[in-house]
>>> print(open('target.cif').read())   # mmCIF, C-alpha atoms and all ligand atoms
data_query
loop_
_atom_site.label_atom_id
_atom_site.label_comp_id
_atom_site.auth_asym_id
_atom_site.auth_seq_id
_atom_site.Cartn_x
_atom_site.Cartn_y
_atom_site.Cartn_z
CA MET Y 1 18.01 -3.88 -0.97
CA SER Y 2 20.07 -2.55 1.90
CA SER Y 3 18.66 -3.30 5.33
CA GLU Y 4 18.65 0.44 6.13
CA ALA Y 5 15.18 1.09 7.51
CA SER Y 6 13.68 -1.43 5.12
CA GLU Y 7 11.07 -2.51 7.66
CA PHE Y 8 8.61 -0.93 10.08
CA ILE Y 9 7.84 -2.13 13.57
CA LEU Y 10 4.06 -1.66 13.68
CA ASN Y 11 2.21 -0.43 16.77
CA ASP Y 12 1.23 -4.05 17.50
CA ASN Y 13 4.93 -5.08 17.37
CA HIS Y 14 4.66 -6.99 14.09
CA ILE Y 15 7.27 -6.24 11.43
CA MET Y 16 6.15 -4.95 8.03
CA PRO Y 17 8.41 -4.41 4.99
CA LYS Y 18 8.65 -0.85 3.80
CA VAL Y 19 8.29 -1.81 0.13
CA GLY Y 20 5.54 -3.96 -1.31
CA LEU Y 21 4.45 -5.06 -4.75
CA GLY Y 22 1.12 -3.53 -5.78
CA VAL Y 23 -0.92 -5.92 -7.91
CA TYR Y 24 -3.98 -3.89 -8.90
CA LYS Y 25 -4.89 -4.62 -12.54
CA ILE Y 26 -2.71 -7.71 -12.77
CA GLN Y 27 -5.18 -10.11 -14.36
CA SER Y 28 -3.31 -13.05 -15.88
CA ASP Y 29 -1.41 -15.95 -14.37
CA ASP Y 30 1.62 -15.15 -16.53
CA ASP Y 31 1.78 -11.51 -15.40
CA ALA Y 32 1.23 -12.48 -11.76
CA MET Y 33 3.97 -15.15 -11.85
CA LEU Y 34 6.43 -12.84 -13.55
CA ALA Y 35 5.70 -9.90 -11.25
CA VAL Y 36 5.81 -11.90 -8.00
CA ASP Y 37 8.88 -13.96 -9.02
CA THR Y 38 10.80 -10.88 -10.12
CA ALA Y 39 9.76 -8.97 -7.03
CA VAL Y 40 10.79 -11.74 -4.65
CA LYS Y 41 14.19 -12.07 -6.34
CA ALA Y 42 14.64 -8.29 -6.09
CA GLY Y 43 13.94 -8.31 -2.35
CA TYR Y 44 10.23 -7.49 -2.07
CA ARG Y 45 8.55 -9.40 0.75
CA LEU Y 46 5.13 -7.69 0.81
CA ILE Y 47 2.34 -8.34 -1.69
CA ASP Y 48 -0.71 -6.05 -1.56
CA THR Y 49 -3.99 -7.23 -3.02
CA ALA Y 50 -7.72 -6.70 -2.36
CA SER Y 51 -10.90 -8.62 -3.05
CA VAL Y 52 -12.06 -5.89 -5.44
CA TYR Y 53 -8.99 -6.42 -7.66
CA LYS Y 54 -10.53 -9.79 -8.57
CA ASN Y 55 -7.10 -11.36 -8.77
CA GLU Y 56 -6.65 -13.05 -5.40
CA GLU Y 57 -6.67 -16.51 -7.03
CA ILE Y 58 -3.89 -15.76 -9.52
CA ILE Y 59 -1.89 -13.82 -6.94
CA GLY Y 60 -2.32 -16.74 -4.55
CA ARG Y 61 -0.94 -19.15 -7.17
CA ALA Y 62 2.03 -16.83 -7.77
CA ILE Y 63 2.70 -16.50 -4.03
CA ASN Y 64 2.40 -20.23 -3.40
CA ASN Y 65 4.78 -21.01 -6.29
CA CYS Y 66 7.38 -18.31 -5.70
CA GLY Y 67 9.68 -20.56 -3.68
CA LEU Y 68 9.56 -18.60 -0.42
CA PRO Y 69 7.95 -20.10 2.67
CA ARG Y 70 4.67 -18.36 3.56
CA GLU Y 71 6.14 -16.99 6.78
CA ASN Y 72 8.80 -15.08 4.81
CA LEU Y 73 6.12 -13.12 2.95
CA PHE Y 74 3.84 -10.36 4.19
CA VAL Y 75 0.45 -10.73 2.47
CA THR Y 76 -2.23 -8.04 2.70
CA SER Y 77 -5.79 -7.76 1.45
CA LYS Y 78 -8.81 -5.54 2.06
CA VAL Y 79 -12.51 -5.87 2.66
CA TRP Y 80 -14.61 -4.21 -0.03
CA ASN Y 81 -17.46 -1.74 0.51
CA THR Y 82 -20.27 -4.16 -0.43
CA ALA Y 83 -19.30 -6.61 2.29
CA GLN Y 84 -19.25 -3.73 4.77
CA ARG Y 85 -22.74 -2.63 3.76
CA MET Y 86 -23.99 -6.22 4.03
CA GLY Y 87 -22.27 -6.74 7.39
CA ASP Y 88 -20.49 -9.75 5.86
CA ILE Y 89 -16.96 -9.00 7.06
CA GLU Y 90 -16.05 -12.44 8.36
CA GLY Y 91 -17.41 -14.12 5.23
CA ALA Y 92 -15.43 -11.77 2.97
CA PHE Y 93 -12.29 -12.29 5.05
CA HIS Y 94 -12.45 -16.09 4.79
CA ARG Y 95 -13.31 -16.03 1.09
CA SER Y 96 -10.20 -13.90 0.46
CA LEU Y 97 -8.02 -16.34 2.39
CA ASP Y 98 -9.54 -19.25 0.45
CA ARG Y 99 -8.98 -17.58 -2.93
CA LEU Y 100 -5.36 -16.87 -2.02
CA ARG Y 101 -4.97 -20.41 -0.59
CA ILE Y 102 -3.25 -19.14 2.54
CA ASN Y 103 -4.42 -19.53 6.12
CA TYR Y 104 -3.65 -16.12 7.59
CA PHE Y 105 -3.12 -12.52 6.54
CA ASP Y 106 -0.27 -10.42 7.82
CA LEU Y 107 -2.43 -7.33 7.39
CA TYR Y 108 -6.13 -6.95 6.56
CA MET Y 109 -7.57 -3.51 5.88
CA ILE Y 110 -10.90 -1.70 5.56
CA HIS Y 111 -10.62 -0.62 1.92
CA TRP Y 112 -12.78 2.53 2.23
CA PRO Y 113 -14.48 4.25 5.16
CA VAL Y 114 -18.05 3.41 4.11
CA PRO Y 115 -20.27 5.91 5.95
CA GLY Y 116 -22.30 4.39 8.76
CA CYS Y 117 -20.41 1.07 8.49
CA TYR Y 118 -16.71 1.40 9.14
CA ALA Y 119 -16.79 1.61 12.96
CA GLU Y 120 -18.83 -1.62 13.07
CA THR Y 121 -16.47 -3.21 10.53
CA TRP Y 122 -13.57 -2.28 12.78
CA LYS Y 123 -15.14 -4.08 15.74
CA VAL Y 124 -15.28 -7.27 13.63
CA PHE Y 125 -11.65 -6.67 12.61
CA GLU Y 126 -10.69 -6.64 16.28
CA LYS Y 127 -12.32 -10.07 16.69
CA LEU Y 128 -10.58 -11.40 13.56
CA ARG Y 129 -7.27 -10.30 14.99
CA GLN Y 130 -7.99 -12.06 18.27
CA SER Y 131 -8.77 -15.24 16.26
CA GLY Y 132 -5.15 -15.29 15.03
CA ARG Y 133 -6.10 -15.49 11.32
CA VAL Y 134 -4.76 -11.95 10.81
CA LYS Y 135 -1.74 -10.51 12.56
CA SER Y 136 -2.30 -6.79 12.01
CA ILE Y 137 -5.37 -4.79 11.13
CA GLY Y 138 -5.46 -1.50 9.32
CA VAL Y 139 -7.47 0.92 7.25
CA SER Y 140 -7.23 2.52 3.84
CA ASN Y 141 -8.43 5.83 2.46
CA PHE Y 142 -9.15 7.11 5.97
CA GLY Y 143 -8.93 10.84 6.62
CA ILE Y 144 -8.28 12.39 10.01
CA HIS Y 145 -11.97 12.64 10.90
CA HIS Y 146 -12.53 8.92 10.13
CA LEU Y 147 -9.63 8.00 12.40
CA GLU Y 148 -10.94 10.29 15.15
CA HIS Y 149 -14.31 8.56 14.90
CA LEU Y 150 -12.64 5.13 15.16
CA PHE Y 151 -10.73 6.20 18.27
CA GLU Y 152 -13.95 7.43 19.89
CA SER Y 153 -16.00 4.33 19.11
CA THR Y 154 -13.54 1.41 19.31
CA GLY Y 155 -10.45 0.28 21.18
CA ILE Y 156 -7.62 -0.58 18.81
CA ILE Y 157 -5.61 1.96 16.84
CA PRO Y 158 -5.03 0.83 13.23
CA ALA Y 159 -1.49 -0.35 12.50
CA VAL Y 160 -1.54 1.10 8.98
CA ASN Y 161 -3.44 3.66 6.92
CA GLN Y 162 -2.96 2.94 3.21
CA VAL Y 163 -3.66 6.10 1.20
CA GLU Y 164 -2.73 7.66 -2.11
CA CYS Y 165 0.53 9.54 -1.54
CA HIS Y 166 3.32 10.69 -3.88
CA PRO Y 167 5.18 13.91 -4.74
CA LEU Y 168 2.14 15.32 -6.57
CA TRP Y 169 -0.12 14.76 -3.52
CA ASN Y 170 1.94 14.71 -0.37
CA ARG Y 171 -0.81 14.40 2.29
CA LYS Y 172 1.38 16.25 4.82
CA GLU Y 173 -1.32 16.85 7.43
CA LEU Y 174 -2.58 13.26 7.33
CA VAL Y 175 0.96 11.83 7.33
CA ASN Y 176 1.92 13.93 10.38
CA TYR Y 177 -1.30 13.05 12.18
CA CYS Y 178 -0.85 9.29 11.62
CA GLN Y 179 2.86 9.20 12.36
CA LYS Y 180 2.34 11.05 15.68
CA ARG Y 181 -0.10 8.33 16.70
CA GLY Y 182 2.06 5.39 15.60
CA ILE Y 183 0.02 4.59 12.49
CA VAL Y 184 2.23 3.71 9.51
CA ILE Y 185 1.30 5.47 6.29
CA GLN Y 186 1.57 3.13 3.31
CA ALA Y 187 1.48 4.95 -0.02
CA TYR Y 188 -0.66 3.54 -2.78
CA ALA Y 189 -0.25 4.82 -6.32
CA PRO Y 190 3.24 5.90 -5.15
CA LEU Y 191 4.16 6.52 -8.80
CA ALA Y 192 0.98 8.57 -9.31
CA ARG Y 193 0.46 5.98 -12.06
CA GLY Y 194 3.36 7.42 -14.03
CA ALA Y 195 2.37 11.09 -13.75
CA TYR Y 196 5.78 12.27 -12.48
CA SER Y 197 8.06 10.03 -14.57
CA ASP Y 198 9.19 13.02 -16.63
CA ASN Y 199 9.05 15.68 -13.93
CA LYS Y 200 11.85 18.17 -14.51
CA LEU Y 201 12.88 18.70 -10.87
CA LEU Y 202 12.87 14.97 -10.10
CA ARG Y 203 14.91 14.25 -13.23
CA GLN Y 204 17.42 16.95 -12.28
CA ILE Y 205 17.83 15.58 -8.76
CA GLY Y 206 18.10 12.10 -10.24
CA VAL Y 207 21.14 13.05 -12.33
CA LYS Y 208 23.10 13.67 -9.11
CA TYR Y 209 22.38 10.18 -7.76
CA SER Y 210 22.19 8.31 -11.10
CA LYS Y 211 18.52 7.55 -10.43
CA SER Y 212 15.33 8.06 -12.45
CA ALA Y 213 12.63 10.62 -11.59
CA VAL Y 214 10.49 7.72 -10.35
CA GLN Y 215 13.24 6.49 -8.01
CA ILE Y 216 13.62 10.02 -6.61
CA GLY Y 217 9.86 10.18 -5.94
CA LEU Y 218 9.94 6.78 -4.21
CA ARG Y 219 13.03 7.76 -2.19
CA TRP Y 220 11.25 10.95 -1.07
CA LEU Y 221 8.46 8.73 0.29
CA VAL Y 222 10.60 6.15 2.11
CA GLN Y 223 12.81 8.88 3.54
CA GLN Y 224 9.69 10.19 5.33
CA ASP Y 225 9.07 6.71 6.76
CA ILE Y 226 6.22 6.08 4.37
CA GLY Y 227 5.76 2.58 2.96
CA ILE Y 228 5.47 2.20 -0.82
CA LEU Y 229 3.51 -0.20 -3.05
CA PRO Y 230 4.70 0.37 -6.63
CA LYS Y 231 2.92 -1.85 -9.17
CA SER Y 232 4.54 -3.11 -12.34
CA ILE Y 233 4.49 -6.13 -14.59
CA HIS Y 234 7.90 -5.25 -16.10
CA GLU Y 235 11.04 -6.83 -14.67
CA ASP Y 236 13.27 -3.77 -15.08
CA ARG Y 237 10.71 -1.50 -13.41
CA ILE Y 238 10.04 -3.93 -10.56
CA ARG Y 239 13.77 -4.05 -9.84
CA SER Y 240 14.35 -0.31 -10.13
CA ASN Y 241 11.30 0.58 -8.00
CA ILE Y 242 12.90 -1.08 -4.96
CA ASP Y 243 16.39 0.22 -5.68
CA VAL Y 244 15.97 3.36 -3.56
CA PHE Y 245 17.88 2.50 -0.39
CA ASP Y 246 21.45 3.37 -1.37
CA PHE Y 247 21.28 7.18 -1.27
CA ASN Y 248 19.85 10.03 0.82
CA LEU Y 249 18.11 13.14 -0.43
CA THR Y 250 19.26 16.34 1.25
CA ASP Y 251 16.86 18.41 3.35
CA SER Y 252 16.68 21.05 0.63
CA GLU Y 253 15.88 18.40 -2.00
CA MET Y 254 13.16 16.99 0.25
CA THR Y 255 11.69 20.48 0.68
CA ALA Y 256 11.86 21.21 -3.04
CA ILE Y 257 9.97 17.97 -3.75
CA ASP Y 258 7.38 18.87 -1.09
CA ALA Y 259 6.58 21.94 -3.18
CA LEU Y 260 5.50 19.79 -6.18
CA ASP Y 261 2.21 19.05 -4.41
CA GLU Y 262 -0.83 19.73 -6.61
CA HIS Y 263 -3.38 17.50 -4.85
CA LEU Y 264 -3.34 15.08 -7.79
CA ARG Y 265 -5.68 12.19 -7.13
CA SER Y 266 -4.49 9.68 -9.72
CA ALA Y 267 -6.33 6.60 -8.49
CA GLY Y 268 -9.87 8.01 -8.44
CA ILE Y 269 -12.79 7.36 -6.11
CA PRO Y 270 -14.95 4.24 -6.48
CA ASN Y 271 -18.43 4.97 -7.81
CA ASP Y 272 -20.10 3.86 -4.62
CA MET Y 273 -18.04 6.33 -2.57
CA ILE Y 274 -18.60 9.39 -4.75
CA GLY Y 275 -20.33 11.99 -2.64
CA ALA Y 276 -19.23 10.32 0.60
CA ASP Y 277 -17.39 12.35 3.19
CA ILE Y 278 -13.81 11.62 2.10
CA GLU Y 279 -10.76 13.78 1.55
N1 LIG M 1 -6.17 1.09 -1.03
C1 LIG M 1 -6.57 1.58 -2.19
O1 LIG M 1 -7.66 2.16 -2.33
C2 LIG M 1 -5.66 1.43 -3.38
C3 LIG M 1 -5.96 2.14 -4.55
C4 LIG M 1 -5.09 2.01 -5.63
C5 LIG M 1 -3.97 1.20 -5.51
N2 LIG M 1 -3.72 0.49 -4.38
C6 LIG M 1 -2.55 -0.41 -4.25
O2 LIG M 1 -1.37 0.33 -4.54
C7 LIG M 1 -0.69 -0.29 -5.64
C8 LIG M 1 0.01 0.74 -6.50
O3 LIG M 1 -0.91 1.68 -7.02
P1 LIG M 1 -1.34 1.73 -8.57
O4 LIG M 1 -1.14 0.38 -9.17
O5 LIG M 1 -2.68 2.32 -8.62
O6 LIG M 1 -0.35 2.80 -9.20
P2 LIG M 1 1.24 3.05 -9.25
O7 LIG M 1 1.98 1.96 -8.60
O8 LIG M 1 1.47 4.45 -8.84
O9 LIG M 1 1.49 3.03 -10.82
C9 LIG M 1 1.37 1.86 -11.57
C10 LIG M 1 1.59 2.27 -13.03
O10 LIG M 1 2.92 2.79 -13.21
C11 LIG M 1 3.62 2.01 -14.18
N3 LIG M 1 5.01 1.89 -13.69
C12 LIG M 1 5.51 1.01 -12.79
N4 LIG M 1 6.81 1.23 -12.56
C13 LIG M 1 7.16 2.28 -13.34
C14 LIG M 1 8.38 2.97 -13.55
N5 LIG M 1 9.49 2.62 -12.90
N6 LIG M 1 8.38 4.00 -14.46
C15 LIG M 1 7.26 4.36 -15.09
N7 LIG M 1 6.05 3.74 -14.93
C16 LIG M 1 6.02 2.72 -14.05
C17 LIG M 1 2.88 0.69 -14.25
O11 LIG M 1 2.97 0.12 -15.54
P3 LIG M 1 3.52 -1.38 -15.81
O12 LIG M 1 2.79 -2.33 -14.92
O13 LIG M 1 3.18 -1.57 -17.27
O14 LIG M 1 4.99 -1.33 -15.56
C18 LIG M 1 1.45 1.11 -13.96
O15 LIG M 1 0.82 1.58 -15.15
C19 LIG M 1 -1.82 -1.05 -6.37
O16 LIG M 1 -1.32 -1.98 -7.31
C20 LIG M 1 -2.57 -1.60 -5.21
O17 LIG M 1 -1.89 -2.72 -4.65
C21 LIG M 1 -4.55 0.62 -3.30
#
>>> encode(input="target.cif", output="structure tokens")
Amino acid sequence: MSSEASEFILNDNHIMPKVGLGVYKIQSDDDAMLAVDTAVKAGYRLIDTASVYKNEEIIGRAINNCGLPRENLFVTSKVWNTAQRMGDIEGAFHRSLDRLRINYFDLYMIHWPVPGCYAETWKVFEKLRQSGRVKSIGVSNFGIHHLEHLFESTGIIPAVNQVECHPLWNRKELVNYCQKRGIVIQAYAPLARGAYSDNKLLRQIGVKYSKSAVQIGLRWLVQQDIGILPKSIHEDRIRSNIDVFDFNLTDSEMTAIDALDEHLRSAGIPNDMIGADIE
């Protein structure tokens, strides 16, 4: 990976890689080892997990055996909704660290803005950050009104908002809002789970740069200063998903890709958030 803009300086001055390996649905030691090893060799330095993925133990083993010192990796996890409802944030945080067998997180996020809970959760996050066991704190699946509410009720602006974002759901208003306030947008489901792999426009643009439709979609994201978390358990895909830093899309190509937006939510809403006030 070229060093061109391959990292963000977060609003708390920590450095975060622009590309991370998503590990949702990785459920075996073999898949975790292969994915993490391949990713590390290809230049990934960020691994994104969550307690609800129920794979922190196998991801931890893969991280601890990948040959890189802990400080060269950027490890993120998220507190699940149940812990928020129970007010058990610190317990959930420490259990995640224990399962991963690491002693700090680079970034810990509120997975979903659970109504009536997330502002209180954020206050505990601020304390966790002060404790030094997490360097940066962030949120996920937060819309503008959730962020506004956080600003009104607490002191620290999140470093990151991890949301679904890809060419078929470009989140322009939210991206602009966050970027103006120094909050990095990190795109989950950046491949829309494969939904644009055969897109005609992306394939056509790809011919010009000798890239796949998927690589064009990922380039369109990073070129807007959006982080990406592509998930794969296949070596060729893991390598190609990070190989998006050696070309630039033109302004007219960027605009043409913007027009593919169809508000496609590919990752769904958890059952316990259906009906909640989310975007
Ligand atoms: N904060 C949240 O609420 C939230 C929600 C969802 C996801 N996430 C995070 O974001 C990460 C990525 O999202 P995601 O896993 O939902 O979806 P994704 O990365 O958009 O798509 C993953 C799917 O695309 C396939 N794939 C990977 N590379 C490909 C390529 N080059 N060409 C075609 N298909 C390809 C994968 O299959 P193979 O594995 O078989 O290659 C997998 O089925 C997650 O793993 C997780 O870390 C966060």
>>> atom_distance(input="target.cif", atom1="atom CA of Pro230 of chain Y", atom2="atom C19 of ligand LIG 1 (chain M)")
6.7 Å
>>> residues_near_ligand(input="target.cif", ligand="ligand LIG 1 (chain M)", cutoff="6 Å", atoms="all atoms listed in the file", output="tab-separated table (two decimals) with C-alpha atoms, in the coordinates of the input")
chain	number	residue	atom	x	y	z
Y	22	GLY	CA	1.12	-3.53	-5.78
Y	23	VAL	CA	-0.92	-5.92	-7.91
Y	24	TYR	CA	-3.98	-3.89	-8.90
Y	48	ASP	CA	-0.71	-6.05	-1.56
Y	49	THR	CA	-3.99	-7.23	-3.02
Y	111	HIS	CA	-10.62	-0.62	1.92
Y	140	SER	CA	-7.23	2.52	3.84
Y	162	GLN	CA	-2.96	2.94	3.21
Y	188	TYR	CA	-0.66	3.54	-2.78
Y	189	ALA	CA	-0.25	4.82	-6.32
Y	190	PRO	CA	3.24	5.90	-5.15
Y	191	LEU	CA	4.16	6.52	-8.80
Y	192	ALA	CA	0.98	8.57	-9.31
Y	193	ARG	CA	0.46	5.98	-12.06
Y	194	GLY	CA	3.36	7.42	-14.03
Y	197	SER	CA	8.06	10.03	-14.57
Y	214	VAL	CA	10.49	7.72	-10.35
Y	229	LEU	CA	3.51	-0.20	-3.05
Y	230	PRO	CA	4.70	0.37	-6.63
Y	231	LYS	CA	2.92	-1.85	-9.17
Y	232	SER	CA	4.54	-3.11	-12.34
Y	233	ILE	CA	4.49	-6.13	-14.59
Y	234	HIS	CA	7.90	-5.25	-16.10
Y	237	ARG	CA	10.71	-1.50	-13.41
Y	241	ASN	CA	11.30	0.58	-8.00
Y	267	ALA	CA	-6.33	6.60	-8.49
>>> residues_near_point(input="target.cif", point="(-18.6, -0.7, 7.9)", cutoff="10 Å", atoms="only C-alpha atoms", output="list of chain:residue names")
Y:Val79, Y:Trp80, Y:Asn81, Y:Thr82, Y:Ala83, Y:Gln84, Y:Arg85, Y:Met86, Y:Gly87, Y:Asp88, Y:Ile89, Y:Ile110, Y:His111, Y:Trp112, Y:Pro113, Y:Val114, Y:Pro115, Y:Gly116, Y:Cys117, Y:Tyr118, Y:Ala119, Y:Glu120, Y:Thr121, Y:Trp122, Y:Lys123, Y:Val124
>>> write_last_selection(input="target.cif", atoms="C-alpha atoms", output="CSV table (one decimal), keeping the file's coordinate frame")
chain,number,residue,atom,x,y,z
Y,79,VAL,CA,-12.5,-5.9,2.7
Y,80,TRP,CA,-14.6,-4.2,0.0
Y,81,ASN,CA,-17.5,-1.7,0.5
Y,82,THR,CA,-20.3,-4.2,-0.4
Y,83,ALA,CA,-19.3,-6.6,2.3
Y,84,GLN,CA,-19.2,-3.7,4.8
Y,85,ARG,CA,-22.7,-2.6,3.8
Y,86,MET,CA,-24.0,-6.2,4.0
Y,87,GLY,CA,-22.3,-6.7,7.4
Y,88,ASP,CA,-20.5,-9.8,5.9
Y,89,ILE,CA,-17.0,-9.0,7.1
Y,110,ILE,CA,-10.9,-1.7,5.6
Y,111,HIS,CA,-10.6,-0.6,1.9
Y,112,TRP,CA,-12.8,2.5,2.2
Y,113,PRO,CA,-14.5,4.2,5.2
Y,114,VAL,CA,-18.0,3.4,4.1
Y,115,PRO,CA,-20.3,5.9,6.0
Y,116,GLY,CA,-22.3,4.4,8.8
Y,117,CYS,CA,-20.4,1.1,8.5
Y,118,TYR,CA,-16.7,1.4,9.1
Y,119,ALA,CA,-16.8,1.6,13.0
Y,120,GLU,CA,-18.8,-1.6,13.1
Y,121,THR,CA,-16.5,-3.2,10.5
Y,122,TRP,CA,-13.6,-2.3,12.8
Y,123,LYS,CA,-15.1,-4.1,15.7
Y,124,VAL,CA,-15.3,-7.3,13.6
>>> closest_residue(input="target.cif", among="Y:Phe74, Y:Tyr196, Y:Phe247, Y:Phe125", to="Glu90 of chain Y", atoms="only C-alpha atoms")
Y:Phe125
>>> closest_residue(input="target.cif", among="Y:Glu235, Y:Asp243, Y:Asp258, Y:Glu253", to="Ala39 of chain Y", atoms="all atoms listed in the file")
Y:Glu235
